[in-house]
Amino acid sequence: MRKFKVVVWCDHCGSDAEGCFGGSTETIGSSYESWEDAQKAAAEYCCDHPYSYRVEEEDEY
(Lines give C-alpha, C1' and ligand atoms only; values in the text may rest on other atoms or scores of the structure.)
Protein backbone atom coordinates (compact mmCIF):
# COMPACT_ATOMS: atom_id res chain seq x y z
CA MET A 1 0.00 0.00 0.00
CA ARG A 2 1.37 3.40 -0.98
CA LYS A 3 1.79 6.09 1.67
CA PHE A 4 2.57 9.76 1.24
CA LYS A 5 4.43 12.47 3.12
CA VAL A 6 4.51 16.26 2.97
CA VAL A 7 7.82 18.12 2.70
CA VAL A 8 7.71 21.88 3.48
CA TRP A 9 10.23 24.71 3.23
CA CYS A 10 10.23 28.47 3.61
CA ASP A 11 10.66 30.51 0.45
CA HIS A 12 11.85 33.54 2.44
CA CYS A 13 14.57 31.83 4.47
CA GLY A 14 16.25 29.94 1.67
CA SER A 15 19.37 28.34 3.10
CA ASP A 16 19.55 30.57 6.21
CA ALA A 17 20.54 28.21 9.03
CA GLU A 18 18.73 30.49 11.52
CA GLY A 19 15.55 30.63 9.45
CA CYS A 20 12.51 28.40 9.32
CA PHE A 21 13.35 24.70 9.44
CA GLY A 22 17.03 25.55 9.86
CA GLY A 23 17.19 26.68 6.24
CA SER A 24 16.29 23.21 5.06
CA THR A 25 13.09 21.21 4.66
CA GLU A 26 10.81 19.56 7.19
CA THR A 27 8.41 16.64 6.92
CA ILE A 28 5.11 17.44 8.59
CA GLY A 29 2.67 15.08 10.19
CA SER A 30 3.02 11.41 9.64
CA SER A 31 2.18 9.13 6.76
CA TYR A 32 -0.95 9.83 4.78
CA GLU A 33 -3.04 7.09 3.19
CA SER A 34 -3.68 9.01 -0.02
CA TRP A 35 -2.16 11.82 -2.06
CA GLU A 36 -5.35 13.80 -1.50
CA ASP A 37 -5.09 13.50 2.30
CA ALA A 38 -1.47 14.66 2.18
CA GLN A 39 -2.37 17.55 -0.13
CA LYS A 40 -5.17 18.67 2.19
CA ALA A 41 -2.89 18.54 5.26
CA ALA A 42 -0.21 20.53 3.43
CA ALA A 43 -2.63 23.21 2.28
CA GLU A 44 -3.99 23.61 5.82
CA TYR A 45 -0.51 23.71 7.38
CA CYS A 46 0.93 26.18 4.89
CA CYS A 47 -2.04 28.50 4.39
CA ASP A 48 -0.94 31.17 6.91
CA HIS A 49 2.81 30.83 6.36
CA PRO A 50 5.25 31.70 3.56
CA TYR A 51 5.90 27.99 3.01
CA SER A 52 5.95 25.91 -0.12
CA TYR A 53 5.39 22.19 -0.10
CA ARG A 54 5.40 19.05 -2.14
CA VAL A 55 3.69 15.72 -1.61
CA GLU A 56 5.97 12.71 -2.07
CA GLU A 57 5.44 9.01 -2.02
CA GLU A 58 7.23 7.49 0.96
CA ASP A 59 10.07 5.08 0.37
CA GLU A 60 9.22 1.47 1.11
CA TYR A 61 11.46 -0.38 3.50
# chains A, B, ... in the order shown; residues from 1 in each chain; ligands from 1
call {"tool": "residues_around", "arguments": {"residues": "A:Arg2", "least_positions_apart": "2", "cutoff": "9 Å", "atoms": "only C-alpha atoms", "output": "list in words"}}
result
Phe4, Tyr32, Glu33, Ser34, Glu57, Glu58, Asp59 and Glu60 of chain A
call {"tool": "select_by_dssp", "arguments": {"residues": "chain A", "states": "alpha helix (DSSP H)", "output": "ChimeraX atom specification"}}
result
/A:35-46
call {"tool": "write_last_selection", "arguments": {"atoms": "all heavy atoms", "output": "short mmCIF file (atom, residue, chain, number, x, y, z; two decimals), in the first residue's frame"}}
result
data_model
loop_
_atom_site.label_atom_id
_atom_site.label_comp_id
_atom_site.auth_asym_id
_atom_site.auth_seq_id
_atom_site.Cartn_x
_atom_site.Cartn_y
_atom_site.Cartn_z
N TRP A 35 -2.75 10.56 -1.61
CA TRP A 35 -2.16 11.82 -2.06
C TRP A 35 -3.09 12.97 -1.69
O TRP A 35 -2.64 14.02 -1.25
CB TRP A 35 -1.94 11.76 -3.57
CG TRP A 35 -1.22 12.96 -4.10
CD1 TRP A 35 0.12 13.10 -4.24
CD2 TRP A 35 -1.81 14.19 -4.53
NE1 TRP A 35 0.41 14.35 -4.74
CE2 TRP A 35 -0.76 15.04 -4.92
CE3 TRP A 35 -3.11 14.67 -4.62
CZ2 TRP A 35 -0.97 16.33 -5.40
CZ3 TRP A 35 -3.32 15.96 -5.10
CH2 TRP A 35 -2.26 16.77 -5.49
N GLU A 36 -4.38 12.76 -1.81
CA GLU A 36 -5.35 13.80 -1.50
C GLU A 36 -5.31 14.19 -0.03
O GLU A 36 -5.41 15.37 0.31
CB GLU A 36 -6.77 13.36 -1.90
CG GLU A 36 -7.00 13.25 -3.39
CD GLU A 36 -6.47 11.95 -4.01
OE1 GLU A 36 -6.05 11.02 -3.26
OE2 GLU A 36 -6.45 11.86 -5.25
N ASP A 37 -5.19 13.20 0.87
CA ASP A 37 -5.09 13.50 2.30
C ASP A 37 -3.83 14.31 2.59
O ASP A 37 -3.86 15.25 3.38
CB ASP A 37 -5.07 12.21 3.12
CG ASP A 37 -6.41 11.51 3.17
OD1 ASP A 37 -7.44 12.12 2.81
OD2 ASP A 37 -6.42 10.31 3.54
N ALA A 38 -2.73 13.94 1.99
CA ALA A 38 -1.47 14.66 2.18
C ALA A 38 -1.58 16.08 1.63
O ALA A 38 -1.13 17.04 2.26
CB ALA A 38 -0.32 13.92 1.51
N GLN A 39 -2.18 16.24 0.49
CA GLN A 39 -2.37 17.55 -0.13
C GLN A 39 -3.22 18.44 0.76
O GLN A 39 -2.91 19.61 0.96
CB GLN A 39 -3.02 17.37 -1.51
CG GLN A 39 -3.26 18.64 -2.25
CD GLN A 39 -2.01 19.32 -2.73
OE1 GLN A 39 -0.99 18.69 -2.94
NE2 GLN A 39 -2.06 20.62 -2.90
N LYS A 40 -4.28 17.91 1.31
CA LYS A 40 -5.17 18.67 2.19
C LYS A 40 -4.42 19.11 3.45
O LYS A 40 -4.53 20.27 3.87
CB LYS A 40 -6.38 17.84 2.57
CG LYS A 40 -7.35 18.56 3.45
CD LYS A 40 -8.56 17.70 3.77
CE LYS A 40 -9.48 18.42 4.74
NZ LYS A 40 -10.58 17.60 5.17
N ALA A 41 -3.67 18.21 4.06
CA ALA A 41 -2.89 18.54 5.26
C ALA A 41 -1.87 19.63 4.95
O ALA A 41 -1.69 20.56 5.74
CB ALA A 41 -2.20 17.29 5.80
N ALA A 42 -1.21 19.54 3.82
CA ALA A 42 -0.21 20.53 3.43
C ALA A 42 -0.84 21.89 3.22
O ALA A 42 -0.32 22.90 3.70
CB ALA A 42 0.50 20.08 2.16
N ALA A 43 -1.95 21.94 2.54
CA ALA A 43 -2.63 23.21 2.28
C ALA A 43 -3.07 23.86 3.59
O ALA A 43 -2.92 25.08 3.77
CB ALA A 43 -3.82 22.99 1.36
N GLU A 44 -3.57 23.08 4.52
CA GLU A 44 -3.99 23.61 5.82
C GLU A 44 -2.79 24.11 6.62
O GLU A 44 -2.83 25.17 7.23
CB GLU A 44 -4.75 22.56 6.62
CG GLU A 44 -6.13 22.27 6.06
CD GLU A 44 -6.85 21.15 6.78
OE1 GLU A 44 -6.35 20.65 7.82
OE2 GLU A 44 -7.94 20.77 6.32
N TYR A 45 -1.71 23.36 6.62
CA TYR A 45 -0.51 23.71 7.38
C TYR A 45 0.14 24.97 6.83
O TYR A 45 0.60 25.83 7.58
CB TYR A 45 0.48 22.55 7.35
CG TYR A 45 1.73 22.79 8.16
CD1 TYR A 45 1.74 22.56 9.54
CD2 TYR A 45 2.90 23.23 7.55
CE1 TYR A 45 2.89 22.78 10.28
CE2 TYR A 45 4.05 23.43 8.28
CZ TYR A 45 4.04 23.21 9.65
OH TYR A 45 5.18 23.43 10.37
N CYS A 46 0.19 25.09 5.53
CA CYS A 46 0.93 26.18 4.89
C CYS A 46 0.12 27.44 4.63
O CYS A 46 0.69 28.47 4.28
CB CYS A 46 1.52 25.69 3.57
SG CYS A 46 2.78 24.40 3.80
#
call {"tool": "select_by_dssp", "arguments": {"residues": "stretch 3-58 of chain A", "states": "strand (DSSP E or B)", "output": "ChimeraX atom specification"}}
result
/A:4-10,26-32,51-57
call {"tool": "closest_residue", "arguments": {"among": "A:Cys47, A:Met1, A:Val55, A:Val6", "to": "A:Gly29", "atoms": "only C-alpha atoms"}}
result
A:Val6
call {"tool": "closest_residue", "arguments": {"among": "A:Ser15, A:Lys3, A:Cys20, A:Ser30", "to": "A:His49", "atoms": "only C-alpha atoms"}}
result
A:Cys20
call {"tool": "residues_around", "arguments": {"residues": "A:His12", "least_positions_apart": "4", "cutoff": "10 Å", "atoms": "only C-alpha atoms", "output": "ChimeraX atom specification"}}
result
/A:16,19-20,23,50-52
call {"tool": "residues_around", "arguments": {"residues": "A:Glu26", "least_positions_apart": "5", "cutoff": "10 Å", "atoms": "only C-alpha atoms", "output": "list of chain:residue names"}}
result
A:Val6, A:Val7, A:Val8, A:Trp9, A:Cys10, A:Cys20, A:Phe21, A:Tyr53
